[in-house]
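Worksheet for the structure shown next.
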Amino acid sequence: GDRMWHFAVSVFLVELYGNSLLLTAVYGLVVAGSVLLLGALIGDWVDKNSRLKVAQTSLVVQNSSVILCGVILMIIFLFKTQLLTLYHGWLLVSASASNIANLASTATAITIQRDWIVVVAGEDRSKLADMNATIRRIDQLTNILAPMAVGQIMTFGSPMIGCGFISGWNLMSMCVEYLLLWKVYQKTPTLAHKSAKVEASELKQLNAKKESDMKPAEGVQLIIEKDVAGFEPQQEKEVGCAARIAEPFITFRDGWVAYYNQPVFLAGMGLAFLYMTVLGFDCITTGYAYTQGLSGSVLSLLMGASAVTGIMGTVAFTWLRRKCGLIRTGLISGVAQFACLILCVISVFMPGSPMDLTVSPFADISARLFENEPLPTIASPEPEMIFATGMPNLLNGSIAPANSDPEMSPEPVPLISVSLLFAGVIAARVGLWSFDLTVTQLLQENVIESERGIINGVQNSMNYLLDLLHFIMVILAPNPEAFGLLVLISVSFVAMGHIMYFRFAQKSLGKQLFVCHTPDPKATPDSSPPGNTSTV
C-alpha cells in the first residue's frame, strides 16, 4: 500500500494541478525536508518506547494517513470545481496527510528493518545478511508490482477509482500487517526486552562494570557515560518548561553528534550521497524518457528489468559476503555500480541527447517564478499518449498532442542516448542494492541497541538531505536540455559516495583491504553487545 501511494501521488498532482514536474519536485522537497528535520526525533522515539508499541503505532498512523489522503483525493476528483470555489488549499491538506504517512513509514522502517531484524537474527550474522537480502527482494517486488497494479486500474478506470483502491488496500493490509507483527513478537521473546525496567537493569550492569574498572568496548564508552549522566537527573528533579521546549533541539543535536562519532560514519555518508541522483525510476526520469520517445509499454519493461537486477544485487550481496567479507562486498559493489554508470555519462554525448549548454537550465524556473507564468492545465490526452498510469508526456511543462509538431514525436528522436542511459541505470542496480545492503548491515552490527533508533533516524535524515538536494536541482533546472548536466552531477555524487566508503574500508582493514578471500571473524561472545564489532 505504501508503494502504491508513493507512485500514485505524483500522478494525482499532475492530474489535478497541471502537467509539470515542478509541483511534484516541490512535494518531494517538502517530504524530504520533513524527514531531514525530524529523522533524529523519530529515531529517539523508537529508542525510548517498547518495540511493539512503536511498530503498531507507526503502522496504524501510516496506513490511516494514506487512507485519509485517498478519501480526500476521491472527493476532490468528484467535486473539483465546487471545492475550489470554497477552498484552494486542498492540495495542502492532502500533502500534509501524505507527509505524516511518510514520517510514520520512516519510523516503521527503522524499527522493523534496523531493530527487530537484528534481534530476531541474534548473533548469527549470516542469518542477518540473508534476512536483509530477503526483505530487500520483497521490497523490490512490491516496488514494481504495486505501481503496475495501480497504473492499470487508473488507466482502465479513473484516478478516482485508483484513490479508492489504494485506500481500501491500505485498510486491508493494515489489519494483516498488524496481526503478522503480533505473531512475530510472540514468537521472539527477546523483542519484549526493551522496557523502562530493562533499561534500568542494563544501566546497573553498566555501572557495575564501570566500578570494577572494566574498560568498555570502543564506541560504547561514550554511550554509557551519556546514559549514566542523563538517567539520574530525571529521578532527582522535574524537567522545567524551558527544558521541555529545548528537548527536541537537544535530541536533534545529540543525534547528529552521535552519528558523526560512529565508526561507520563514512560508510553511512557514502550511502547517503547515492541519493543525490536523477538516475532512478522516479517521475523525473520517467518524464525525461517520454520526451525521448519511449512508450509506456517499454518503460514498464524497463522497470521490470530494474526490479530483476535489484534482486540480482541482493543475491550478489549474500554470495560476496561469504567469499570476501562484508566490508569488501561494499567496495566491490561500489566499483560495479560506478562502472555501469559510465554508460549514463556516455549517453549524454551520444546522438539523441537533448543536452544543450547554450540553453539556460534556469529558463523554465525563472519564467514560472519571476515572470508569473501560470502552470499549464491538462487537456484530455489522446489514447496513444497514455502510459499505464494515465500520465501524459510531461517534462518542462509541456504536452504535445498526437498530431502536433513532428519533432516532438518519438520517430525522429534517435534512441541511442536514452538506450545507453537506461542500460546504465538498470545494470547499476546490481551494485547499488548490494552496496545498500552492505551499509545497512554495517549499521546493524556496529550501532549498540540503545542508540539503534536515533542513529538510523539520522541516517535517514542524511539520505533525505541528499534526496532534497536532488529535488532542488530538478526544480532549478527542469527543462530537458539540462537533464544531461543533471546526469553528470549525479554520477559525480555517486563517485564521491564510494570514495568515502573506500576511506572507511581502508581505515577498517588496512593492508588486508585487497585480500579477497577472508573467512568470517570469530563469533562474537554472547556477553558482548552487538554494536562493538564489525564484520570484515
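Just remember, in the C-alpha cells the first chain shown is A, the second B, etc., residues are 1-based per chain, and ligands are 1-based in the order shown.
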
- Message: Just want the 7 Å neighbourhood of stretch 333-342 of chain A, counted on only C-alpha atoms, with same-chain residues fewer than 2 positions away dropped. Output as a VMD selection string.
- Response: chain A and resid 329 to 331 344 to 346 424 to 425 427 to 428 431 to 432 434 to 435 491 495 498

- Task: Would you list the contacts of A:Ser58 as a list in words, taking every protein, DNA or RNA residue within 12 Å and counting only C-alpha atoms, but skipping same-chain residues closer than 5 positions in sequence?
- Result: Ile42, Gly43, Trp45, Val46, Asn49, Arg51, Leu52, Lys53, Asn63, Ser64, Ser65, Ile100, Ala101, Asn102, Leu103, Ala104, Ser105, Thr106, Ala107, Thr108, Ala109, Ile110, Thr111, Ile112, Met174, Glu177, Tyr178 and Leu181 of chain A

- Task: Could you tell me which of A:Thr291, A:Val458, A:Leu343, A:Ala482 comes closest to A:Leu420 if we count only C-alpha atoms?
- Result: A:Leu343

- What is the distance, in Å and to one decimal place, between atom CA of A:Thr142 and atom CA of A:Arg3? 6.9 Å

- Task: Would you please give, as a PyMOL selection string, all residues of stretch 220-352 of chain A that DSSP assigns to helix (DSSP H, G or I) based on the backbone?
- Result: chain A and resi 221-231+233-236+241-260+265-273+283-291+296-324+326-348

- Item | Residue neighbourhood stretch 501-513 of chain A, 9 Å, only C-alpha atoms, exclusion window fewer than 3 positions, as a VMD selection string | chain A and resid 263 to 271 327 to 328 330 to 331 334 496 to 498 516 534 536

Dump of all heavy atoms for the selected residues, as a compact mmCIF listing (two decimals), in the first residue's frame:
```txt
# COMPACT_ATOMS: atom_id res chain seq x y z
N PRO A 263 31.74 4.59 14.25
CA PRO A 263 32.85 4.09 13.42
C PRO A 263 32.47 3.89 11.97
O PRO A 263 33.34 3.83 11.10
CB PRO A 263 33.22 2.76 14.10
CG PRO A 263 32.01 2.36 14.86
CD PRO A 263 31.36 3.64 15.31
N VAL A 264 31.16 3.78 11.70
CA VAL A 264 30.70 3.56 10.32
C VAL A 264 30.16 4.87 9.71
O VAL A 264 29.38 4.84 8.76
CB VAL A 264 29.61 2.47 10.27
CG1 VAL A 264 30.20 1.11 10.57
CG2 VAL A 264 28.47 2.80 11.23
N PHE A 265 30.60 5.99 10.26
CA PHE A 265 30.11 7.29 9.76
C PHE A 265 30.37 7.47 8.27
O PHE A 265 29.47 7.85 7.51
CB PHE A 265 30.76 8.42 10.57
CG PHE A 265 30.58 9.78 9.96
CD1 PHE A 265 29.35 10.41 9.97
CD2 PHE A 265 31.67 10.44 9.38
CE1 PHE A 265 29.19 11.67 9.40
CE2 PHE A 265 31.51 11.69 8.81
CZ PHE A 265 30.27 12.31 8.82
N LEU A 266 31.58 7.19 7.82
CA LEU A 266 31.92 7.39 6.41
C LEU A 266 31.12 6.45 5.51
O LEU A 266 30.74 6.83 4.39
CB LEU A 266 33.41 7.20 6.20
CG LEU A 266 34.32 8.32 6.70
CD1 LEU A 266 35.78 7.94 6.52
CD2 LEU A 266 34.02 9.62 5.97
N ALA A 267 30.86 5.25 5.97
CA ALA A 267 30.05 4.31 5.19
C ALA A 267 28.63 4.83 5.05
O ALA A 267 28.03 4.77 3.96
CB ALA A 267 30.06 2.93 5.84
N GLY A 268 28.07 5.35 6.14
CA GLY A 268 26.73 5.92 6.07
C GLY A 268 26.66 7.13 5.17
O GLY A 268 25.70 7.31 4.41
N MET A 269 27.68 7.98 5.24
CA MET A 269 27.73 9.14 4.35
C MET A 269 27.84 8.72 2.89
O MET A 269 27.23 9.32 1.99
CB MET A 269 28.91 10.03 4.73
CG MET A 269 28.71 10.83 5.99
SD MET A 269 27.44 12.10 5.81
CE MET A 269 28.23 13.18 4.62
N GLY A 270 28.63 7.66 2.64
CA GLY A 270 28.74 7.16 1.28
C GLY A 270 27.40 6.71 0.73
O GLY A 270 27.06 6.99 -0.42
N LEU A 271 26.61 6.02 1.56
CA LEU A 271 25.27 5.60 1.12
C LEU A 271 24.37 6.81 0.88
O LEU A 271 23.62 6.85 -0.11
CB LEU A 271 24.65 4.69 2.17
CG LEU A 271 23.20 4.24 1.90
CD1 LEU A 271 23.12 3.41 0.63
CD2 LEU A 271 22.65 3.46 3.09
N ILE A 327 32.81 -5.87 4.47
CA ILE A 327 33.34 -4.58 4.05
C ILE A 327 33.81 -4.62 2.60
O ILE A 327 33.56 -3.70 1.83
CB ILE A 327 34.48 -4.15 5.00
CG1 ILE A 327 33.92 -3.87 6.40
CG2 ILE A 327 35.19 -2.91 4.47
CD1 ILE A 327 34.96 -3.45 7.40
N ARG A 328 34.48 -5.70 2.22
CA ARG A 328 34.94 -5.82 0.83
C ARG A 328 33.76 -5.94 -0.14
O ARG A 328 33.85 -5.53 -1.29
CB ARG A 328 35.87 -7.01 0.68
CG ARG A 328 37.17 -6.87 1.45
CD ARG A 328 38.10 -8.03 1.18
NE ARG A 328 39.24 -8.01 2.08
CZ ARG A 328 39.23 -8.53 3.30
NH1 ARG A 328 38.15 -9.14 3.73
NH2 ARG A 328 40.29 -8.46 4.07
N GLY A 330 31.01 -4.25 0.04
CA GLY A 330 30.62 -2.88 -0.28
C GLY A 330 31.57 -2.25 -1.28
O GLY A 330 31.15 -1.50 -2.17
N LEU A 331 32.86 -2.54 -1.14
CA LEU A 331 33.84 -1.98 -2.06
C LEU A 331 33.64 -2.51 -3.48
O LEU A 331 33.63 -1.75 -4.45
CB LEU A 331 35.25 -2.31 -1.56
CG LEU A 331 36.41 -1.61 -2.25
CD1 LEU A 331 36.34 -0.11 -2.02
CD2 LEU A 331 37.74 -2.16 -1.74
N GLY A 334 30.43 -1.06 -4.99
CA GLY A 334 30.60 0.33 -5.42
C GLY A 334 31.31 0.44 -6.75
O GLY A 334 30.91 1.24 -7.62
N MET A 496 31.73 10.34 -5.32
CA MET A 496 32.15 10.85 -4.02
C MET A 496 31.69 9.93 -2.89
O MET A 496 32.41 9.71 -1.91
CB MET A 496 31.61 12.27 -3.82
CG MET A 496 32.33 13.33 -4.63
SD MET A 496 31.83 15.01 -4.20
CE MET A 496 30.21 15.08 -4.96
N GLY A 497 30.48 9.39 -3.03
CA GLY A 497 29.99 8.47 -2.01
C GLY A 497 30.85 7.23 -1.89
O GLY A 497 31.18 6.79 -0.78
N HIS A 498 31.26 6.67 -3.01
CA HIS A 498 32.08 5.47 -2.97
C HIS A 498 33.51 5.77 -2.53
O HIS A 498 34.19 4.89 -1.97
CB HIS A 498 32.06 4.77 -4.34
CG HIS A 498 30.74 4.14 -4.65
ND1 HIS A 498 30.12 3.27 -3.79
CD2 HIS A 498 29.91 4.28 -5.72
CE1 HIS A 498 28.98 2.86 -4.32
NE2 HIS A 498 28.83 3.47 -5.48
N CYS A 516 41.17 -10.78 -1.03
CA CYS A 516 39.77 -11.08 -1.34
C CYS A 516 39.18 -12.13 -0.42
O CYS A 516 38.14 -11.93 0.15
CB CYS A 516 39.65 -11.56 -2.80
SG CYS A 516 37.94 -11.89 -3.30
N SER A 534 32.77 -5.42 14.16
CA SER A 534 32.45 -5.23 12.74
C SER A 534 32.88 -6.43 11.96
O SER A 534 33.97 -6.97 12.17
CB SER A 534 33.15 -3.97 12.21
OG SER A 534 32.93 -3.85 10.83
N VAL A 536 34.36 -8.23 8.92
CA VAL A 536 35.37 -7.81 7.96
C VAL A 536 35.13 -8.50 6.64
O VAL A 536 34.98 -9.69 6.58
CB VAL A 536 36.77 -8.17 8.49
CG1 VAL A 536 37.81 -7.72 7.49
CG2 VAL A 536 37.01 -7.52 9.84
```

- Task: Would you work out the distance separating atom CA of A:Leu191 from atom CA of A:Ala121, expressed in Å to one decimal?
- Result: 11.1 Å

- Item | Selection near A:Ile117, 8 Å with only C-alpha atoms, sequence-local residues under 3 positions removed, as a PyMOL selection string | chain A and resi 112-114+120-121+128+131-132

Can I get the selected residues back with all heavy atoms, as a PDB file, in the first residue's frame?
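part35.pdb was written with the following content:
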```pdb
ATOM      1  N   ILE A 112      11.550  -1.948  12.216  1.00  0.00           N
ATOM      2  CA  ILE A 112      11.482  -3.312  11.691  1.00  0.00           C
ATOM      3  C   ILE A 112      12.795  -3.709  11.019  1.00  0.00           C
ATOM      4  O   ILE A 112      13.389  -4.746  11.332  1.00  0.00           O
ATOM      5  CB  ILE A 112      10.324  -3.458  10.695  1.00  0.00           C
ATOM      6  CG1 ILE A 112       8.982  -3.148  11.381  1.00  0.00           C
ATOM      7  CG2 ILE A 112      10.302  -4.866  10.101  1.00  0.00           C
ATOM      8  CD1 ILE A 112       8.648  -4.064  12.531  1.00  0.00           C
ATOM      9  N   GLN A 113      13.280  -2.873  10.099  1.00  0.00           N
ATOM     10  CA  GLN A 113      14.438  -3.245   9.290  1.00  0.00           C
ATOM     11  C   GLN A 113      15.774  -2.972   9.967  1.00  0.00           C
ATOM     12  O   GLN A 113      16.801  -3.489   9.525  1.00  0.00           O
ATOM     13  CB  GLN A 113      14.383  -2.507   7.950  1.00  0.00           C
ATOM     14  CG  GLN A 113      13.159  -2.841   7.117  1.00  0.00           C
ATOM     15  CD  GLN A 113      13.133  -2.102   5.792  1.00  0.00           C
ATOM     16  OE1 GLN A 113      14.168  -1.674   5.271  1.00  0.00           O
ATOM     17  NE2 GLN A 113      11.953  -1.935   5.223  1.00  0.00           N
ATOM     18  N   ARG A 114      15.780  -2.159  11.014  1.00  0.00           N
ATOM     19  CA  ARG A 114      17.039  -1.847  11.678  1.00  0.00           C
ATOM     20  C   ARG A 114      17.118  -2.389  13.106  1.00  0.00           C
ATOM     21  O   ARG A 114      18.212  -2.451  13.668  1.00  0.00           O
ATOM     22  CB  ARG A 114      17.266  -0.326  11.720  1.00  0.00           C
ATOM     23  CG  ARG A 114      17.269   0.361  10.372  1.00  0.00           C
ATOM     24  CD  ARG A 114      18.459  -0.065   9.526  1.00  0.00           C
ATOM     25  NE  ARG A 114      18.600   0.775   8.358  1.00  0.00           N
ATOM     26  CZ  ARG A 114      18.028   0.547   7.191  1.00  0.00           C
ATOM     27  NH1 ARG A 114      17.247  -0.515   7.039  1.00  0.00           N
ATOM     28  NH2 ARG A 114      18.213   1.362   6.157  1.00  0.00           N
ATOM     29  N   VAL A 120      15.841 -10.652  15.977  1.00  0.00           N
ATOM     30  CA  VAL A 120      15.385 -11.957  15.502  1.00  0.00           C
ATOM     31  C   VAL A 120      16.567 -12.804  15.026  1.00  0.00           C
ATOM     32  O   VAL A 120      16.642 -14.011  15.286  1.00  0.00           O
ATOM     33  CB  VAL A 120      14.353 -11.791  14.370  1.00  0.00           C
ATOM     34  CG1 VAL A 120      14.013 -13.136  13.735  1.00  0.00           C
ATOM     35  CG2 VAL A 120      13.076 -11.137  14.900  1.00  0.00           C
ATOM     36  N   ALA A 121      17.526 -12.183  14.351  1.00  0.00           N
ATOM     37  CA  ALA A 121      18.689 -12.918  13.849  1.00  0.00           C
ATOM     38  C   ALA A 121      19.633 -13.326  14.974  1.00  0.00           C
ATOM     39  O   ALA A 121      20.380 -14.300  14.832  1.00  0.00           O
ATOM     40  CB  ALA A 121      19.438 -12.074  12.819  1.00  0.00           C
ATOM     41  N   LEU A 128      21.470 -12.854   9.577  1.00  0.00           N
ATOM     42  CA  LEU A 128      21.103 -11.444   9.446  1.00  0.00           C
ATOM     43  C   LEU A 128      21.258 -10.977   8.005  1.00  0.00           C
ATOM     44  O   LEU A 128      20.386 -10.272   7.470  1.00  0.00           O
ATOM     45  CB  LEU A 128      21.980 -10.596  10.373  1.00  0.00           C
ATOM     46  CG  LEU A 128      21.778  -9.078  10.312  1.00  0.00           C
ATOM     47  CD1 LEU A 128      20.353  -8.706  10.698  1.00  0.00           C
ATOM     48  CD2 LEU A 128      22.778  -8.367  11.222  1.00  0.00           C
ATOM     49  N   MET A 131      18.425 -12.444   5.929  1.00  0.00           N
ATOM     50  CA  MET A 131      17.152 -11.780   6.218  1.00  0.00           C
ATOM     51  C   MET A 131      17.107 -10.388   5.587  1.00  0.00           C
ATOM     52  O   MET A 131      16.074  -9.978   5.050  1.00  0.00           O
ATOM     53  CB  MET A 131      16.945 -11.691   7.733  1.00  0.00           C
ATOM     54  CG  MET A 131      16.726 -13.040   8.404  1.00  0.00           C
ATOM     55  SD  MET A 131      16.577 -12.907  10.206  1.00  0.00           S
ATOM     56  CE  MET A 131      15.017 -12.025  10.356  1.00  0.00           C
ATOM     57  N   ASN A 132      18.219  -9.660   5.650  1.00  0.00           N
ATOM     58  CA  ASN A 132      18.275  -8.353   4.994  1.00  0.00           C
ATOM     59  C   ASN A 132      18.039  -8.477   3.497  1.00  0.00           C
ATOM     60  O   ASN A 132      17.290  -7.694   2.902  1.00  0.00           O
ATOM     61  CB  ASN A 132      19.642  -7.703   5.242  1.00  0.00           C
ATOM     62  CG  ASN A 132      19.759  -7.094   6.628  1.00  0.00           C
ATOM     63  OD1 ASN A 132      18.778  -6.620   7.180  1.00  0.00           O
ATOM     64  ND2 ASN A 132      20.957  -7.118   7.191  1.00  0.00           N
TER      65      ASN A 132
END
```

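Computed from the coordinates, the atom CA of A:Pro351 to atom CA of A:Val418 distance equals 9.3 Å.
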
- Query: Between A:Ala40, A:Ala55, A:Ala149, A:Val31, which one has atoms that come closest to A:Trp116, using only C-alpha atoms?
  - Reply: A:Ala55
